[in-house]
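Printed here is target-v2.tsv (TSV, N, CA and C atoms):
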```tsv
chain	number	residue	atom	x	y	z
A	269	MET	N	-94.81	-97.39	12.01
A	269	MET	CA	-94.47	-96.03	12.38
A	269	MET	C	-95.72	-95.23	12.77
A	270	HIS	N	-96.80	-95.47	12.04
A	270	HIS	CA	-98.04	-94.74	12.31
A	270	HIS	C	-98.59	-95.09	13.70
A	271	ILE	N	-98.55	-96.37	14.06
A	271	ILE	CA	-99.04	-96.81	15.37
A	271	ILE	C	-98.20	-96.19	16.49
A	272	PHE	N	-96.90	-96.14	16.29
A	272	PHE	CA	-96.01	-95.53	17.28
A	272	PHE	C	-96.35	-94.06	17.50
A	273	LEU	N	-96.60	-93.33	16.41
A	273	LEU	CA	-96.94	-91.92	16.53
A	273	LEU	C	-98.29	-91.70	17.20
A	274	VAL	N	-99.24	-92.59	16.93
A	274	VAL	CA	-100.55	-92.48	17.58
A	274	VAL	C	-100.42	-92.70	19.08
A	275	ILE	N	-99.66	-93.71	19.46
A	275	ILE	CA	-99.46	-94.00	20.89
A	275	ILE	C	-98.70	-92.84	21.56
A	276	LEU	N	-97.68	-92.33	20.88
A	276	LEU	CA	-96.91	-91.20	21.42
A	276	LEU	C	-97.80	-89.97	21.58
A	277	GLN	N	-98.68	-89.73	20.61
A	277	GLN	CA	-99.58	-88.59	20.69
A	277	GLN	C	-100.58	-88.75	21.83
A	278	LEU	N	-101.07	-89.95	22.05
A	278	LEU	CA	-101.97	-90.19	23.18
A	278	LEU	C	-101.28	-89.93	24.51
A	279	ILE	N	-100.05	-90.39	24.64
A	279	ILE	CA	-99.31	-90.18	25.88
A	279	ILE	C	-99.03	-88.70	26.10
A	280	ILE	N	-98.56	-88.00	25.05
A	280	ILE	CA	-98.28	-86.57	25.18
A	280	ILE	C	-99.55	-85.80	25.48
A	281	GLY	N	-100.67	-86.18	24.86
A	281	GLY	CA	-101.94	-85.52	25.12
A	281	GLY	C	-102.38	-85.68	26.56
A	282	ALA	N	-102.24	-86.89	27.11
A	282	ALA	CA	-102.64	-87.13	28.50
A	282	ALA	C	-101.75	-86.34	29.46
A	283	VAL	N	-100.44	-86.33	29.20
A	283	VAL	CA	-99.52	-85.59	30.06
A	283	VAL	C	-99.78	-84.08	29.94
A	284	LEU	N	-100.08	-83.61	28.74
A	284	LEU	CA	-100.37	-82.20	28.54
A	284	LEU	C	-101.62	-81.79	29.31
A	285	ILE	N	-102.64	-82.61	29.29
A	285	ILE	CA	-103.86	-82.31	30.05
A	285	ILE	C	-103.54	-82.26	31.55
A	286	ALA	N	-102.76	-83.23	32.03
A	286	ALA	CA	-102.41	-83.26	33.45
A	286	ALA	C	-101.61	-82.03	33.86
A	287	VAL	N	-100.66	-81.62	33.03
A	287	VAL	CA	-99.82	-80.45	33.36
A	287	VAL	C	-100.66	-79.18	33.37
A	288	ILE	N	-101.60	-79.07	32.44
A	288	ILE	CA	-102.46	-77.89	32.40
A	288	ILE	C	-103.36	-77.83	33.63
A	289	LEU	N	-103.88	-78.97	34.05
A	289	LEU	CA	-104.77	-78.99	35.22
A	289	LEU	C	-104.03	-78.72	36.53
A	290	VAL	N	-102.74	-78.99	36.58
A	290	VAL	CA	-101.96	-78.78	37.81
A	290	VAL	C	-101.61	-77.30	37.99
A	291	GLN	N	-101.56	-76.54	36.90
A	291	GLN	CA	-101.14	-75.14	36.98
A	291	GLN	C	-102.13	-74.31	37.77
A	292	PRO	N	-101.62	-73.39	38.59
A	292	PRO	CA	-102.51	-72.48	39.34
A	292	PRO	C	-103.08	-71.41	38.42
A	293	GLY	N	-104.11	-70.75	38.88
A	293	GLY	CA	-104.72	-69.67	38.11
A	293	GLY	C	-103.81	-68.47	38.01
A	294	LYS	N	-104.01	-67.66	36.99
A	294	LYS	CA	-103.15	-66.49	36.77
A	294	LYS	C	-103.68	-65.23	37.45
A	295	THR	N	-104.89	-65.23	37.92
A	295	THR	CA	-105.45	-64.03	38.52
A	295	THR	C	-105.26	-64.02	40.03
A	296	ASN	N	-105.10	-62.85	40.57
A	296	ASN	CA	-104.97	-62.70	42.01
A	296	ASN	C	-106.33	-62.53	42.68
A	297	GLY	N	-107.33	-62.26	41.89
A	297	GLY	CA	-108.65	-62.04	42.45
A	297	GLY	C	-108.74	-60.72	43.16
A	298	LEU	N	-109.64	-60.63	44.12
A	298	LEU	CA	-109.87	-59.39	44.84
A	298	LEU	C	-108.69	-59.03	45.75
A	299	SER	N	-107.97	-60.02	46.26
A	299	SER	CA	-106.84	-59.71	47.14
A	299	SER	C	-105.74	-58.96	46.38
A	300	GLY	N	-105.53	-59.26	45.10
A	300	GLY	CA	-104.54	-58.54	44.31
A	300	GLY	C	-104.96	-57.11	44.05
A	301	LEU	N	-106.24	-56.88	43.95
A	301	LEU	CA	-106.75	-55.53	43.72
A	301	LEU	C	-106.58	-54.67	44.97
A	302	ILE	N	-106.85	-55.24	46.13
A	302	ILE	CA	-106.78	-54.49	47.38
A	302	ILE	C	-105.33	-54.24	47.80
A	303	SER	N	-104.50	-55.28	47.73
A	303	SER	CA	-103.12	-55.14	48.21
A	303	SER	C	-102.19	-54.56	47.16
A	304	GLY	N	-102.65	-54.37	45.96
A	304	GLY	CA	-101.80	-53.79	44.93
A	304	GLY	C	-101.00	-54.81	44.16
A	305	GLY	N	-101.32	-56.07	44.27
A	305	GLY	CA	-100.61	-57.12	43.53
A	305	GLY	C	-99.37	-57.59	44.25
A	306	ALA	N	-98.66	-58.47	43.60
A	306	ALA	CA	-97.46	-59.07	44.21
A	306	ALA	C	-96.20	-58.52	43.54
A	307	GLY	N	-96.16	-57.26	43.24
A	307	GLY	CA	-95.03	-56.68	42.53
A	307	GLY	C	-93.78	-56.57	43.35
A	308	GLU	N	-93.87	-56.57	44.66
A	308	GLU	CA	-92.71	-56.36	45.51
A	308	GLU	C	-92.31	-57.59	46.31
A	309	SER	N	-92.91	-58.72	46.05
A	309	SER	CA	-92.61	-59.90	46.86
A	309	SER	C	-91.39	-60.65	46.31
A	310	PHE	N	-90.83	-61.50	47.14
A	310	PHE	CA	-89.72	-62.35	46.75
A	310	PHE	C	-90.14	-63.28	45.64
A	311	TYR	N	-91.36	-63.79	45.72
A	311	TYR	CA	-91.88	-64.72	44.72
A	311	TYR	C	-91.96	-64.07	43.34
A	312	SER	N	-92.40	-62.86	43.26
A	312	SER	CA	-92.55	-62.21	41.96
A	312	SER	C	-91.20	-61.90	41.32
A	313	ARG	N	-90.19	-61.64	42.12
A	313	ARG	CA	-88.87	-61.35	41.58
A	313	ARG	C	-88.16	-62.61	41.10
A	314	ASN	N	-88.46	-63.77	41.69
A	314	ASN	CA	-87.82	-65.03	41.33
A	314	ASN	C	-88.79	-65.98	40.66
A	315	LYS	N	-89.74	-65.44	39.94
A	315	LYS	CA	-90.79	-66.26	39.35
A	315	LYS	C	-90.26	-67.20	38.27
A	316	SER	N	-89.17	-66.85	37.62
A	316	SER	CA	-88.64	-67.70	36.55
A	316	SER	C	-88.01	-68.98	37.08
A	317	ARG	N	-87.75	-69.05	38.37
A	317	ARG	CA	-87.12	-70.24	38.96
A	317	ARG	C	-88.10	-71.11	39.75
A	318	THR	N	-89.36	-70.83	39.67
A	318	THR	CA	-90.33	-71.56	40.47
A	318	THR	C	-90.89	-72.76	39.73
A	319	SER	N	-91.65	-73.56	40.45
A	319	SER	CA	-92.29	-74.71	39.82
A	319	SER	C	-93.37	-74.27	38.84
A	320	GLU	N	-93.95	-73.11	39.06
A	320	GLU	CA	-94.95	-72.59	38.12
A	320	GLU	C	-94.32	-72.31	36.76
A	321	ALA	N	-93.13	-71.75	36.76
A	321	ALA	CA	-92.42	-71.49	35.50
A	321	ALA	C	-92.06	-72.79	34.81
A	322	MET	N	-91.68	-73.80	35.59
A	322	MET	CA	-91.38	-75.10	35.01
A	322	MET	C	-92.62	-75.71	34.36
A	323	LEU	N	-93.77	-75.56	35.00
A	323	LEU	CA	-95.01	-76.08	34.42
A	323	LEU	C	-95.37	-75.36	33.13
A	324	VAL	N	-95.14	-74.06	33.08
A	324	VAL	CA	-95.43	-73.30	31.86
A	324	VAL	C	-94.51	-73.75	30.73
A	325	ARG	N	-93.22	-73.91	31.02
A	325	ARG	CA	-92.28	-74.38	30.00
A	325	ARG	C	-92.64	-75.78	29.52
A	326	THR	N	-93.00	-76.66	30.45
A	326	THR	CA	-93.40	-78.02	30.09
A	326	THR	C	-94.64	-78.00	29.22
A	327	THR	N	-95.60	-77.14	29.53
A	327	THR	CA	-96.81	-77.04	28.73
A	327	THR	C	-96.49	-76.61	27.30
A	328	VAL	N	-95.63	-75.63	27.16
A	328	VAL	CA	-95.27	-75.14	25.82
A	328	VAL	C	-94.55	-76.22	25.02
A	329	ILE	N	-93.61	-76.91	25.66
A	329	ILE	CA	-92.86	-77.97	24.97
A	329	ILE	C	-93.79	-79.10	24.54
A	330	LEU	N	-94.67	-79.54	25.44
A	330	LEU	CA	-95.59	-80.62	25.11
A	330	LEU	C	-96.57	-80.21	24.01
A	331	ALA	N	-97.03	-78.97	24.04
A	331	ALA	CA	-97.96	-78.51	23.01
A	331	ALA	C	-97.28	-78.47	21.65
A	332	ILE	N	-96.02	-78.04	21.61
A	332	ILE	CA	-95.28	-78.01	20.35
A	332	ILE	C	-95.06	-79.43	19.83
A	333	LEU	N	-94.68	-80.36	20.72
A	333	LEU	CA	-94.51	-81.75	20.31
A	333	LEU	C	-95.81	-82.35	19.79
A	334	PHE	N	-96.91	-82.04	20.46
A	334	PHE	CA	-98.22	-82.54	20.04
A	334	PHE	C	-98.55	-82.04	18.63
A	335	ALA	N	-98.31	-80.77	18.37
A	335	ALA	CA	-98.59	-80.19	17.06
A	335	ALA	C	-97.69	-80.78	15.98
A	336	ILE	N	-96.42	-80.98	16.30
A	336	ILE	CA	-95.49	-81.57	15.33
A	336	ILE	C	-95.91	-82.99	14.97
A	337	ILE	N	-96.30	-83.75	15.97
A	337	ILE	CA	-96.73	-85.12	15.71
A	337	ILE	C	-98.00	-85.14	14.87
A	338	CYS	N	-98.91	-84.20	15.10
A	338	CYS	CA	-100.12	-84.10	14.26
A	338	CYS	C	-99.75	-83.85	12.80
A	339	VAL	N	-98.83	-82.95	12.56
A	339	VAL	CA	-98.42	-82.63	11.19
A	339	VAL	C	-97.73	-83.83	10.56
A	340	VAL	N	-96.84	-84.49	11.30
A	340	VAL	CA	-96.14	-85.66	10.77
A	340	VAL	C	-97.12	-86.77	10.44
A	341	GLN	N	-98.10	-87.00	11.29
A	341	GLN	CA	-99.10	-88.03	11.01
A	341	GLN	C	-99.90	-87.70	9.76
A	342	ASN	N	-100.16	-86.44	9.54
A	342	ASN	CA	-100.90	-86.03	8.35
A	342	ASN	C	-100.10	-86.29	7.08
A	343	PHE	N	-98.79	-86.09	7.13
A	343	PHE	CA	-97.94	-86.36	5.97
A	343	PHE	C	-97.78	-87.85	5.72
A	344	ILE	N	-97.77	-88.67	6.77
A	344	ILE	CA	-97.58	-90.10	6.62
A	344	ILE	C	-98.80	-90.74	5.96
A	345	LYS	N	-99.98	-90.29	6.31
A	345	LYS	CA	-101.18	-90.88	5.71
A	345	LYS	C	-101.14	-90.62	4.27
```
Have the structure of the file written as structure tokens, please.
Amino acid sequence: MHIFLVILQLIIGAVLIAVILVQPGKTNGLSGLISGGAGESFYSRNKSRTSEAMLVRTTVILAILFAIICVVQNFIK
């Protein structure tokens, strides 16, 4: 059981790193300051249905799974 959890944690850790690296930055930079941000665009109104929102949800789920597996491994030892 311990070996299975270690392997699962390695896989989840690698996928978590990949998902974090794929996500775009959260800042608009100087263009957001000049244009007033993206408050009125189609993208900002439908942001919950985009691939960026899916990546954020995936990151949260993977991070929670990673933490749970860490705690379970600590109890097994």
For region 284-290 of chain A, please output as a PyMOL selection string all residues within 9 Å (counting only C-alpha atoms; exclusion window: fewer than 6 positions along the same chain). chain A and resi 323-324+326-327+330-331+334
Could you please determine the separation between atom C of Val339 (chain A) and atom N of Arg325 (chain A) in Å, to one decimal place? 23.2 Å
Take CA of Ile280 (chain A) and atom C of Leu333 (chain A) and report the distance between them in Å, one decimal.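 The value is 7.3 Å.
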To one decimal place in Å, what is the distance between CA of Ile337 (chain A) and atom N of Glu320 (chain A)?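 If I compute the distance from CA of Ile337 (chain A) to atom N of Glu320 (chain A), I get 26.4 Å.
Closest approach to Ala335 (chain A) from the set A:Phe272, A:Gln291, A:Met322, A:Gln277 is made by A:Gln277, with distances taken over only C-alpha atoms.
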Residues near region 273-275 of chain A, anyone? I mean within 8 Å using only N, CA and C atoms, not counting same-chain ones fewer than 4 positions away, as an MDAnalysis selection string. chainID A and resid 269 279:281 337:338 340:341
Would you put the residues from that selection into a file with N, CA and C atoms, as a compact mmCIF listing (two decimals), in the frame of the given file?
```txt
# COMPACT_ATOMS: atom_id res chain seq x y z
N MET A 269 -94.81 -97.39 12.01
CA MET A 269 -94.47 -96.03 12.38
C MET A 269 -95.72 -95.23 12.77
N ILE A 279 -100.05 -90.39 24.64
CA ILE A 279 -99.31 -90.18 25.88
C ILE A 279 -99.03 -88.70 26.10
N ILE A 280 -98.56 -88.00 25.05
CA ILE A 280 -98.28 -86.57 25.18
C ILE A 280 -99.55 -85.80 25.48
N GLY A 281 -100.67 -86.18 24.86
CA GLY A 281 -101.94 -85.52 25.12
C GLY A 281 -102.38 -85.68 26.56
N ILE A 337 -96.30 -83.75 15.97
CA ILE A 337 -96.73 -85.12 15.71
C ILE A 337 -98.00 -85.14 14.87
N CYS A 338 -98.91 -84.20 15.10
CA CYS A 338 -100.12 -84.10 14.26
C CYS A 338 -99.75 -83.85 12.80
N VAL A 340 -96.84 -84.49 11.30
CA VAL A 340 -96.14 -85.66 10.77
C VAL A 340 -97.12 -86.77 10.44
N GLN A 341 -98.10 -87.00 11.29
CA GLN A 341 -99.10 -88.03 11.01
C GLN A 341 -99.90 -87.70 9.76
```
